[in-house]
>>> print(open('final.txt').read())   # compact mmCIF, C-alpha atoms
# COMPACT_ATOMS: atom_id res chain seq x y z
CA MET A 290 94.11 159.38 35.02
CA GLY A 291 92.96 157.52 31.91
CA ALA A 292 91.18 154.83 33.89
CA ALA A 293 89.44 157.41 36.04
CA ALA A 294 88.33 159.48 33.05
CA SER A 295 87.02 156.40 31.26
CA ILE A 296 84.90 155.29 34.20
CA THR A 297 83.66 158.81 34.94
CA GLU A 298 82.55 159.24 31.33
CA MET A 299 80.95 155.82 31.22
CA GLN A 300 79.15 156.35 34.53
CA SER A 301 77.78 159.74 33.51
CA GLY A 302 76.60 158.31 30.21
CA ILE A 303 74.49 155.52 31.68
CA ALA A 304 70.84 156.19 30.91
CA ASP A 305 68.52 156.80 33.86
CA THR A 306 66.45 153.84 32.72
CA LYS A 307 69.40 151.53 33.47
CA LYS A 308 68.73 151.60 37.19
CA ASP A 309 70.46 148.30 38.02
CA LEU A 310 73.64 149.24 36.16
CA LYS A 311 73.73 152.73 37.68
CA ALA A 312 73.25 151.28 41.16
CA PHE A 313 75.97 148.66 40.67
CA VAL A 314 78.57 150.99 39.14
CA ALA A 315 77.97 153.63 41.82
CA ASN A 316 79.43 151.24 44.40
CA PHE A 317 82.77 150.87 42.63
CA ALA A 318 83.43 153.82 40.29
CA PRO A 319 84.69 156.09 43.11
CA LEU A 320 87.55 153.65 43.75
CA ALA A 321 88.89 154.20 40.23
CA GLN A 322 89.22 157.96 40.69
CA PRO A 323 92.50 159.89 41.17
CA GLY A 324 93.27 161.90 44.28
CA LYS A 325 93.98 161.34 47.95
CA GLU A 326 90.39 160.59 48.93
CA ALA A 327 90.03 157.79 46.38
CA MET A 328 93.48 156.48 47.29
CA ALA A 329 92.48 156.28 50.95
CA ALA A 330 89.26 154.49 49.98
CA ARG A 331 91.21 151.99 47.87
CA LYS A 332 93.57 151.35 50.78
CA GLN A 333 90.63 150.43 53.00
CA SER A 334 89.04 148.36 50.24
CA TRP A 335 92.30 146.54 49.59
CA MET A 336 92.41 145.38 53.20
CA ALA A 337 88.90 144.01 52.72
CA VAL A 338 89.62 142.29 49.40
CA ASP A 339 92.94 140.86 50.71
CA PRO A 340 91.89 139.71 54.21
CA ASN A 341 94.93 137.48 54.79
CA GLY A 342 97.30 140.30 53.87
CA ASN A 343 99.46 138.30 51.46
CA GLY A 344 99.20 140.94 48.72
CA LEU A 345 97.49 138.52 46.33
CA VAL A 346 93.78 138.45 45.52
CA SER A 347 92.18 135.38 43.98
CA LEU A 348 89.01 135.38 41.87
CA ALA A 349 87.08 133.99 44.85
CA GLU A 350 88.33 136.83 47.07
CA PHE A 351 87.51 139.41 44.40
CA ASP A 352 84.02 137.97 43.98
CA GLY A 353 83.49 137.88 47.74
CA TRP A 354 84.64 141.48 48.13
CA ILE A 355 82.18 142.65 45.47
CA LYS A 356 79.34 141.02 47.38
CA LYS A 357 80.50 142.44 50.73
CA THR A 358 80.80 145.93 49.24
CA LEU A 359 77.27 145.80 47.85
CA LEU A 360 75.92 144.53 51.17
CA LEU A 361 77.80 147.15 53.17
CA ASN A 362 76.49 150.01 51.02
CA ALA A 363 72.95 148.64 50.91
CA GLY A 364 72.24 149.10 54.61
CA GLU A 365 69.13 147.10 55.49
CA ASN A 366 68.30 146.35 51.86
CA THR A 367 70.39 143.19 51.75
CA GLU A 368 68.10 141.36 49.33
CA GLU A 369 68.64 144.05 46.70
CA ALA A 370 72.41 143.92 47.23
CA ASP A 371 72.40 140.15 46.82
CA ARG A 372 70.30 140.47 43.66
CA LEU A 373 72.75 142.95 42.09
CA TRP A 374 75.71 140.75 43.01
CA LYS A 375 74.13 137.74 41.30
CA LEU A 376 72.93 139.79 38.32
CA TYR A 377 76.37 141.06 37.30
CA ARG A 378 78.40 138.06 38.42
CA PRO A 379 79.12 136.82 34.84
CA SER A 380 81.21 139.96 34.27
CA TYR A 381 83.52 139.56 37.29
CA ILE A 382 85.85 136.95 35.82
CA ARG A 383 86.58 139.12 32.77
CA ALA A 384 87.47 142.08 34.96
CA PHE A 385 89.69 139.87 37.13
CA ASN A 386 91.46 138.19 34.21
CA ASP A 387 92.14 141.46 32.41
CA ALA A 388 93.65 143.08 35.49
CA LYS A 389 95.75 140.27 36.96
CA ASP A 390 98.54 140.33 34.38
CA GLN A 391 99.16 144.09 34.28
CA LYS A 392 102.29 144.09 36.42
CA ALA A 393 105.45 142.12 35.73
CA GLU A 394 105.05 138.42 36.43
CA ARG A 395 106.86 137.06 39.48
CA PRO A 396 106.95 133.54 40.94
CA ILE A 397 105.22 132.95 44.28
CA LYS A 398 107.47 130.73 46.35
CA THR A 399 104.75 129.83 48.85
CA VAL A 400 102.13 128.73 46.27
CA GLY A 401 103.66 125.90 44.23
CA GLU A 402 104.11 126.87 40.56
CA ALA A 403 101.78 129.87 40.78
CA THR A 404 102.88 133.35 39.75
CA THR A 405 101.55 136.83 40.39
CA ASP A 406 99.76 136.59 37.02
CA ASP A 407 97.33 134.21 38.72
CA TYR A 408 96.19 136.93 41.13
CA VAL A 409 95.32 140.61 41.26
CA THR A 410 98.03 142.46 43.15
CA ARG A 411 97.70 145.76 44.97
CA GLY A 412 99.17 147.65 42.03
CA GLU A 413 96.50 146.17 39.77
CA PHE A 414 93.53 146.77 42.06
CA ARG A 415 92.51 150.19 40.72
CA LEU A 416 92.42 148.83 37.17
CA ALA A 417 90.48 145.76 38.31
CA VAL A 418 87.78 148.03 39.75
CA ALA A 419 87.68 150.07 36.52
CA TYR A 420 87.31 146.88 34.48
CA LEU A 421 84.58 145.73 36.82
CA CYS A 422 82.49 148.78 35.88
CA LEU A 423 83.18 148.49 32.14
CA TYR A 424 82.43 144.78 31.90
CA ALA A 425 79.29 145.18 33.99
CA ALA A 426 78.08 147.68 31.37
CA MET A 427 78.94 145.29 28.53
CA PHE A 428 77.10 142.49 30.30
CA ASP A 429 74.08 144.71 30.93
CA ALA A 430 73.86 145.49 27.21
CA PHE A 431 74.19 141.78 26.37
CA ASN A 432 71.53 140.91 28.92
CA ALA A 433 69.13 143.44 27.40
CA ILE A 434 69.33 141.56 24.08
CA ASP A 435 69.50 137.95 25.30
CA GLY A 436 65.94 136.74 25.73
CA GLY A 437 64.54 139.96 24.30
CA SER A 438 64.11 141.76 27.61
CA GLU A 439 65.95 143.68 30.31
CA GLY A 440 67.64 141.79 33.12
CA THR A 441 67.85 138.03 33.54
CA THR A 442 64.67 136.13 32.78
CA ALA A 443 63.63 132.56 32.05
CA ALA A 444 64.07 133.26 28.33
CA ASP A 445 67.78 134.01 28.73
CA ASP A 446 70.25 131.29 27.80
CA ARG A 447 73.50 133.33 27.92
CA ARG A 448 73.63 133.19 24.14
CA MET A 449 72.53 135.81 21.61
CA SER A 450 70.77 134.54 18.51
CA LEU A 451 70.54 136.36 15.18
CA GLU A 452 66.82 136.82 15.80
CA GLU A 453 67.45 138.47 19.19
CA TRP A 454 70.16 140.70 17.72
CA THR A 455 68.03 141.72 14.73
CA ALA A 456 65.14 142.66 17.02
CA ALA A 457 67.39 144.76 19.25
CA TYR A 458 69.52 146.23 16.46
CA PRO A 459 67.47 149.36 15.63
CA LYS A 460 67.34 150.54 19.26
CA ILE A 461 70.48 149.21 20.96
CA ALA A 462 72.44 152.42 20.33
CA GLU A 463 69.80 154.37 22.22
CA ALA A 464 70.07 152.16 25.29
CA GLY A 465 72.53 154.49 27.01
CA TYR A 466 75.83 152.59 27.25
CA GLY A 467 78.06 154.91 25.24
CA PHE A 468 80.19 152.22 23.58
CA VAL A 469 81.53 153.06 20.11
CA ALA A 470 80.35 149.79 18.53
CA LEU A 471 76.77 150.34 19.68
CA ALA A 472 76.75 153.99 18.61
CA LYS A 473 77.90 152.97 15.13
CA VAL A 474 74.94 150.60 14.88
CA ALA A 475 72.54 153.58 14.89
CA ASP A 476 74.01 154.86 11.61
CA GLU A 477 73.77 151.50 9.85
CA ALA A 478 70.49 150.05 11.12
CA THR A 479 69.38 147.84 8.24
CA GLU A 480 68.40 144.18 8.38
CA ASP A 481 71.23 143.19 6.02
CA ASN A 482 73.78 145.05 8.10
CA ALA A 483 72.42 143.53 11.30
CA GLU A 484 73.24 140.09 9.93
CA SER A 485 76.68 141.25 8.78
CA VAL A 486 77.52 142.63 12.23
CA PHE A 487 76.24 139.44 13.85
CA LYS A 488 78.61 137.35 11.74
CA GLU A 489 81.43 139.68 12.76
CA MET A 490 80.63 139.10 16.44
CA ASP A 491 80.14 135.33 16.03
CA ALA A 492 83.86 134.52 16.06
CA ASP A 493 83.47 130.73 16.06
CA GLY A 494 80.75 130.77 13.37
CA LYS A 495 78.37 128.58 15.39
CA GLY A 496 75.36 130.84 14.98
CA MET A 497 75.27 132.18 18.52
CA VAL A 498 77.14 135.08 20.12
CA LEU A 499 78.42 134.36 23.62
CA LEU A 500 79.21 136.99 26.23
CA ASN A 501 82.94 136.57 25.61
CA GLU A 502 82.47 137.26 21.88
CA TRP A 503 80.22 140.23 22.62
CA CYS A 504 82.81 141.80 24.92
CA LYS A 505 85.62 141.27 22.41
CA TRP A 506 83.53 142.96 19.69
CA ILE A 507 82.88 146.00 21.87
CA GLU A 508 86.52 146.13 23.01
CA ALA A 509 87.81 146.00 19.43
CA ALA A 510 85.75 149.05 18.46
CA GLU A 511 86.92 151.00 21.52
CA VAL A 512 90.56 150.15 20.77
CA ALA A 513 90.22 151.03 17.08
CA ALA A 514 88.63 154.38 17.97
CA GLY A 515 91.42 155.16 20.42
CA THR A 516 89.05 155.95 23.28
CA LEU A 517 90.28 156.08 26.88
CA ALA A 518 88.29 152.94 27.60
CA GLY A 519 89.84 151.28 24.56
CA LYS A 520 93.38 152.11 25.68
CA MET A 521 92.64 150.74 29.12
CA LEU A 522 91.00 147.56 27.78
CA ASN A 523 93.83 147.05 25.30
CA ALA A 524 96.34 147.27 28.10
CA GLY A 525 94.54 144.39 29.79
CA ASP A 526 95.00 142.21 26.71
CA GLU A 527 98.67 142.94 26.11
>>> encode(input="final.txt", output="structure tokens")
Amino acid sequence: MGAAASITEMQSGIADTKKDLKAFVANFAPLAQPGKEAMAARKQSWMAVDPNGNGLVSLAEFDGWIKKTLLLNAGENTEEADRLWKLYRPSYIRAFNDAKDQKAERPIKTVGEATTDDYVTRGEFRLAVAYLCLYAAMFDAFNAIDGGSEGTTAADDRRMSLEEWTAAYPKIAEAGYGFVALAKVADEATEDNAESVFKEMDADGKGMVLLNEWCKWIEAAEVAAGTLAGKMLNAGDE
């Protein structure tokens, strides 16, 4: 129920101006819902994401399923589906990695020294889909700051500089993502505080904030605030 509530709240809070994010999340949020209808949809989706039926989904299979889902729901607009798949692809590995170690680890006799913690299992699939939506939103927010513009452009280098963060700082809370860390920014929007927050995000102190550091900063605030999303994200790190 927590996962479903978190995704429902996040989805409803996405600003109308975030058309790409709304379109992407709409393809997957229904699979994180409770109830028989969503369960039946997940069962069908699981057969698509696990085509060989071994009960184990690799990152490549997860990535491929995301693309197929977008294409299937896009109808004739395959170019748009392919664009969305490529746009949010940097967030897929975080969703996969957070979900794959939720259930107890078991050895896989048929795959060398591999264990179930190397794959997403059926019992972890619902959470993987929920993480997919949350990390896509985090990436969208990061992308809006990197390069100083929405989406992926030639100015993007997958790193956030202090200058980019300072420019975005006064308005990032109004962007419509609903994360606690970004909402807090609105109450403390000064140039000095922008630099202080940047140093907090820049975990390795190298002067640039990477997507991984950005996500960890947002997660930490959600966990500290005890939000449903925070509890879910914290479970993925335990």
>>> residues_around(input="final.txt", residues="A:Met328", least_positions_apart="6", cutoff="10 Å", atoms="only C-alpha atoms", output="ChimeraX atom specification")
/A:319-322,334,415
>>> atom_distance(input="final.txt", atom1="atom CA of A:Lys460", atom2="atom CA of A:Ala370")
29.2 Å
>>> closest_residue(input="final.txt", among="A:Pro340, A:Cys422, A:Asp309, A:Ala318", to="A:Arg372", atoms="all atoms listed in the file")
A:Asp309
>>> atom_distance(input="final.txt", atom1="atom CA of A:Met427", atom2="atom CA of A:Leu345")
26.6 Å
>>> closest_residue(input="final.txt", among="A:Glu365, A:Glu350, A:Asp407, A:Asp387", to="A:Glu508", atoms="all atoms listed in the file")
A:Asp387
>>> atom_distance(input="final.txt", atom1="atom CA of A:Val474", atom2="atom CA of A:Met449")
16.4 Å
>>> residues_near_point(input="final.txt", point="(74.4, 138.7, 21.9)", cutoff="7 Å", atoms="all atoms listed in the file", output="list in words")
Phe431, Ile434, Asp435, Arg448, Met449, Ser450, Trp454, Val498, Leu499, Leu500 and Trp503 of chain A
>>> closest_residue(input="final.txt", among="A:Thr516, A:Ala510, A:Glu452, A:Lys392", to="A:Gly496", atoms="all atoms listed in the file")
A:Glu452
>>> residues_around(input="final.txt", residues="A:Phe351", least_positions_apart="4", cutoff="12 Å", atoms="all atoms listed in the file", output="MDAnalysis selection string")
chainID A and resid 334:340 345:347 355:358 374 378 380:386 388:389 408:410 414 417:418 421
